[in-house]
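To keep things clear, I will list the structure first and then write my remarks on it.
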Amino acid sequence: MSGYPKVLQDLIEALSFLPGIGRRSAERIALYILEEKKERVDMLVNLIQSVKDEIRPCRLCNNFSTEDICSICQDEKRDRSLVCVVEYPKDIMAIEKTGAYRGLYYVLLGAISPLKGKGVDSLDIDNLRKRAEEGELKEVIIATDSDAEGEITATFIRDSLKQYNLKISRIGIGIPLGSQIEYADSATLEKALAGRIPLT
Ligand SMILES: [Zn+2]
């Protein structure tokens, strides 16, 4: 690849750091960008910039948002007594796709992982506790992944909320052990939500 100008080599190098993109794909994308119309490339660059500049965590639930409070938390029609706890914003997208859930969410922004050195303090649950204290919350559905990290995290959330008078359940049925919420199909997720198991 030494025949390419330095700037093109740098772009290929930068693209190859993207998830799922190997060296060969990075080269293909870089050459595509080079040959594509300027307006299309400008649009792409602007979108990348906007995503980075405009999206921030919702102040209440940590979901992706372009405003202080995300569209789900703002939605008056949602059941505010019900919160579904997930690891990442992409899990919300998966559950929303089922169309079967009308409560709010809470995003932990991670999971406890002793192997990766991520302890309980790597989770942000202050706002969840605050919501439990305020009293409007009645039920918490824990929808962390069904792998070891997700299970440890679910136990920790349950224990953290024990002092409040809440119904706490864990989605389960149909979600294969060790799998991630974001990859479950909508029908399976819908069933898993409906067939949640109380955590005592
Ligand atoms: Zn929110």
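Residues in the structure tokens are named by chain (A, B, ... in the order shown) and by number from 1 within that chain; ligands are numbered from 1 in the order shown.
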Checklist entry - Counting only C-alpha atoms and all ligand atoms, which protein, DNA or RNA residues come within 12 Å of ligand 1, given as JSON, numbers by chain? => result {"A": [56, 57, 58, 59, 60, 61, 62, 63, 64, 65, 66, 67, 68, 69, 70, 71, 72, 73, 74, 75, 78, 80, 83, 84, 85, 89, 92, 103, 104, 105, 106, 107, 108, 127, 128]}
Mind dumping the selected residues with C-alpha atoms as a compact mmCIF listing (two decimals), in the first residue's frame?
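Result went into selection.txt, see below:
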# COMPACT_ATOMS: atom_id res chain seq x y z
CA ARG A 56 -25.58 12.75 24.89
CA PRO A 57 -26.98 10.58 27.66
CA CYS A 58 -30.52 11.38 28.84
CA ARG A 59 -30.33 12.99 32.27
CA LEU A 60 -32.91 10.58 33.67
CA CYS A 61 -32.19 7.23 32.01
CA ASN A 62 -28.83 7.47 30.13
CA ASN A 63 -30.49 6.62 26.80
CA PHE A 64 -29.12 8.34 23.69
CA SER A 65 -30.68 11.75 23.35
CA THR A 66 -30.23 15.05 21.54
CA GLU A 67 -31.97 16.84 24.39
CA ASP A 68 -31.50 16.95 28.13
CA ILE A 69 -34.26 14.33 28.51
CA CYS A 70 -34.82 11.61 25.89
CA SER A 71 -38.01 11.14 23.87
CA ILE A 72 -39.01 8.02 25.84
CA CYS A 73 -38.74 9.75 29.24
CA GLN A 74 -40.65 12.72 27.79
CA ASP A 75 -43.48 10.55 26.46
CA ARG A 78 -45.59 5.83 29.03
CA ARG A 80 -43.98 5.78 34.77
CA VAL A 83 -38.80 0.69 34.54
CA CYS A 84 -36.84 -1.77 32.45
CA VAL A 85 -33.13 -1.88 33.31
CA PRO A 89 -28.96 2.07 24.75
CA ILE A 92 -33.65 -0.23 24.36
CA GLY A 103 -42.82 1.61 30.56
CA LEU A 104 -39.64 3.65 30.95
CA TYR A 105 -36.03 2.45 30.82
CA TYR A 106 -32.85 2.78 32.76
CA VAL A 107 -29.49 2.26 31.06
CA LEU A 108 -26.63 1.07 33.24
CA ASN A 127 -30.70 7.99 39.22
CA LEU A 128 -32.41 4.60 39.44
Next on the checklist: Quick check for you: according to DSSP on this backbone, which residues of region 10-52 of chain A are classed as alpha helix (DSSP H)? Reply as a PyMOL selection string.
Outcome noted: chain A and resi 10-15+23-35+38-52
Next on the checklist: Let's see if you can do this: from backbone DSSP, list all strand (DSSP E) residues in region 56-164 of chain A, as a VMD selection string.
Outcome noted: chain A and resid 56 to 57 64 to 65 79 to 86 103 to 107 139 to 142
Can you spit out the residues from that selection as a PDB file, in the first residue's frame, using N, CA and C atoms?
ATOM      1  N   ARG A  56     -26.106  12.851  23.527  1.00  0.00           N
ATOM      2  CA  ARG A  56     -25.578  12.754  24.894  1.00  0.00           C
ATOM      3  C   ARG A  56     -26.513  11.859  25.705  1.00  0.00           C
ATOM      4  N   PRO A  57     -26.085  11.433  26.878  1.00  0.00           N
ATOM      5  CA  PRO A  57     -26.975  10.582  27.660  1.00  0.00           C
ATOM      6  C   PRO A  57     -28.150  11.369  28.238  1.00  0.00           C
ATOM      7  N   PHE A  64     -29.597   7.342  24.644  1.00  0.00           N
ATOM      8  CA  PHE A  64     -29.119   8.338  23.693  1.00  0.00           C
ATOM      9  C   PHE A  64     -30.173   9.429  23.554  1.00  0.00           C
ATOM     10  N   SER A  65     -29.722  10.658  23.513  1.00  0.00           N
ATOM     11  CA  SER A  65     -30.678  11.752  23.351  1.00  0.00           C
ATOM     12  C   SER A  65     -29.999  12.966  22.743  1.00  0.00           C
ATOM     13  N   ASP A  79     -45.922   4.358  30.892  1.00  0.00           N
ATOM     14  CA  ASP A  79     -46.221   3.992  32.270  1.00  0.00           C
ATOM     15  C   ASP A  79     -44.996   4.300  33.142  1.00  0.00           C
ATOM     16  N   ARG A  80     -45.130   5.320  33.986  1.00  0.00           N
ATOM     17  CA  ARG A  80     -43.982   5.782  34.769  1.00  0.00           C
ATOM     18  C   ARG A  80     -43.749   4.942  36.028  1.00  0.00           C
ATOM     19  N   SER A  81     -44.645   3.975  36.257  1.00  0.00           N
ATOM     20  CA  SER A  81     -44.457   3.137  37.444  1.00  0.00           C
ATOM     21  C   SER A  81     -43.590   1.913  37.110  1.00  0.00           C
ATOM     22  N   LEU A  82     -43.248   1.782  35.836  1.00  0.00           N
ATOM     23  CA  LEU A  82     -42.519   0.602  35.361  1.00  0.00           C
ATOM     24  C   LEU A  82     -41.201   1.009  34.694  1.00  0.00           C
ATOM     25  N   VAL A  83     -40.109   0.398  35.146  1.00  0.00           N
ATOM     26  CA  VAL A  83     -38.805   0.693  34.544  1.00  0.00           C
ATOM     27  C   VAL A  83     -38.118  -0.601  34.140  1.00  0.00           C
ATOM     28  N   CYS A  84     -37.603  -0.626  32.939  1.00  0.00           N
ATOM     29  CA  CYS A  84     -36.844  -1.773  32.447  1.00  0.00           C
ATOM     30  C   CYS A  84     -35.365  -1.402  32.453  1.00  0.00           C
ATOM     31  N   VAL A  85     -34.559  -2.177  33.169  1.00  0.00           N
ATOM     32  CA  VAL A  85     -33.134  -1.881  33.305  1.00  0.00           C
ATOM     33  C   VAL A  85     -32.334  -2.659  32.256  1.00  0.00           C
ATOM     34  N   VAL A  86     -31.564  -1.948  31.452  1.00  0.00           N
ATOM     35  CA  VAL A  86     -30.758  -2.592  30.407  1.00  0.00           C
ATOM     36  C   VAL A  86     -29.300  -2.156  30.525  1.00  0.00           C
ATOM     37  N   GLY A 103     -43.370   0.950  29.371  1.00  0.00           N
ATOM     38  CA  GLY A 103     -42.818   1.609  30.555  1.00  0.00           C
ATOM     39  C   GLY A 103     -41.606   2.456  30.178  1.00  0.00           C
ATOM     40  N   LEU A 104     -40.866   2.891  31.185  1.00  0.00           N
ATOM     41  CA  LEU A 104     -39.642   3.654  30.952  1.00  0.00           C
ATOM     42  C   LEU A 104     -38.438   2.705  31.006  1.00  0.00           C
ATOM     43  N   TYR A 105     -37.260   3.255  30.784  1.00  0.00           N
ATOM     44  CA  TYR A 105     -36.033   2.446  30.821  1.00  0.00           C
ATOM     45  C   TYR A 105     -35.024   3.061  31.774  1.00  0.00           C
ATOM     46  N   TYR A 106     -34.038   2.238  32.092  1.00  0.00           N
ATOM     47  CA  TYR A 106     -32.854   2.776  32.759  1.00  0.00           C
ATOM     48  C   TYR A 106     -31.629   2.057  32.203  1.00  0.00           C
ATOM     49  N   VAL A 107     -30.684   2.844  31.686  1.00  0.00           N
ATOM     50  CA  VAL A 107     -29.491   2.258  31.055  1.00  0.00           C
ATOM     51  C   VAL A 107     -28.311   2.312  32.022  1.00  0.00           C
ATOM     52  N   GLU A 139     -42.508  -1.087  39.708  1.00  0.00           N
ATOM     53  CA  GLU A 139     -41.956  -2.348  39.222  1.00  0.00           C
ATOM     54  C   GLU A 139     -40.696  -2.129  38.389  1.00  0.00           C
ATOM     55  N   VAL A 140     -39.709  -3.006  38.616  1.00  0.00           N
ATOM     56  CA  VAL A 140     -38.465  -2.956  37.854  1.00  0.00           C
ATOM     57  C   VAL A 140     -38.270  -4.293  37.148  1.00  0.00           C
ATOM     58  N   ILE A 141     -38.095  -4.227  35.834  1.00  0.00           N
ATOM     59  CA  ILE A 141     -37.799  -5.440  35.063  1.00  0.00           C
ATOM     60  C   ILE A 141     -36.322  -5.379  34.693  1.00  0.00           C
ATOM     61  N   ILE A 142     -35.571  -6.375  35.108  1.00  0.00           N
ATOM     62  CA  ILE A 142     -34.139  -6.365  34.798  1.00  0.00           C
ATOM     63  C   ILE A 142     -33.902  -7.132  33.500  1.00  0.00           C
TER      64      ILE A 142
END
Item to check | Leu123 (chain A) surroundings by only C-alpha atoms, 10 Å radius, close-in-sequence under 2 positions cut, as a PyMOL selection string | outcome: chain A and resi 87+107-112+118-121+125-126+153+157
Checklist outcome for this item: CA of Lys97 (chain A) to CA of Ile168 (chain A) measures 22.9 Å
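Using only C-alpha atoms, the shortest contact distance between Glu190 (chain A) and any of A:Ile29, A:Ala132, A:Ile152, A:Ile95 is found at A:Ile95.
All residues of protein, DNA or RNA that reach within 10 Å of region 31-35 of chain A, judged by only C-alpha atoms and not counting those fewer than 3 positions away in the chain, are Leu8, Leu11, Ile12, Ser25, Ala26, Glu27, Arg28, Lys38, Arg40, Val41 and Leu44 of chain A.
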Would you put the residues from that selection into a file with N, CA and C atoms, as a short mmCIF file (atom, residue, chain, number, x, y, z; two decimals), in the first residue's frame?
data_model
loop_
_atom_site.label_atom_id
_atom_site.label_comp_id
_atom_site.auth_asym_id
_atom_site.auth_seq_id
_atom_site.Cartn_x
_atom_site.Cartn_y
_atom_site.Cartn_z
N LEU A 8 -4.14 9.18 2.16
CA LEU A 8 -5.02 8.04 1.87
C LEU A 8 -4.64 6.84 2.75
N LEU A 11 -6.08 7.44 6.15
CA LEU A 11 -7.52 7.18 6.21
C LEU A 11 -7.78 5.68 6.32
N ILE A 12 -7.06 4.90 5.52
CA ILE A 12 -7.23 3.43 5.57
C ILE A 12 -6.88 2.92 6.97
N SER A 25 -11.26 -4.20 3.97
CA SER A 25 -12.50 -3.41 3.91
C SER A 25 -12.18 -1.93 4.06
N ALA A 26 -11.24 -1.61 4.93
CA ALA A 26 -10.86 -0.21 5.15
C ALA A 26 -10.35 0.40 3.85
N GLU A 27 -9.58 -0.37 3.13
CA GLU A 27 -9.04 0.10 1.85
C GLU A 27 -10.19 0.33 0.86
N ARG A 28 -11.13 -0.63 0.83
CA ARG A 28 -12.27 -0.49 -0.09
C ARG A 28 -13.09 0.75 0.22
N LYS A 38 -18.58 14.63 -4.06
CA LYS A 38 -18.17 15.43 -2.91
C LYS A 38 -19.34 15.67 -1.93
N ARG A 40 -21.92 13.88 -1.23
CA ARG A 40 -22.24 12.69 -0.43
C ARG A 40 -21.21 12.50 0.68
N VAL A 41 -19.97 12.75 0.33
CA VAL A 41 -18.92 12.59 1.34
C VAL A 41 -19.07 13.67 2.42
N LEU A 44 -21.77 12.68 4.78
CA LEU A 44 -21.31 11.63 5.69
C LEU A 44 -20.45 12.22 6.81
#
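Taking CA of Glu149 (chain A) and CA of Tyr183 (chain A) as endpoints, the distance between them is 16.3 Å.
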Could you give me, as an mmCIF file with C-alpha atoms, in the first residue's frame, the residues within 8 Å of Glu133 (chain A), counting only C-alpha atoms and dropping anything in the same chain fewer than 3 positions from it?
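selection_14.cif, freshly written:
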data_model
loop_
_atom_site.group_PDB
_atom_site.id
_atom_site.type_symbol
_atom_site.label_atom_id
_atom_site.label_comp_id
_atom_site.auth_asym_id
_atom_site.auth_seq_id
_atom_site.Cartn_x
_atom_site.Cartn_y
_atom_site.Cartn_z
ATOM 1 C CA ARG A 129 -32.225 4.699 43.243
ATOM 2 C CA LYS A 130 -33.495 8.264 43.177
ATOM 3 C CA TYR A 164 -37.646 -0.138 48.419
#
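Computed from the coordinates, the CA of Tyr88 (chain A) to CA of Thr144 (chain A) distance equals 8.8 Å.
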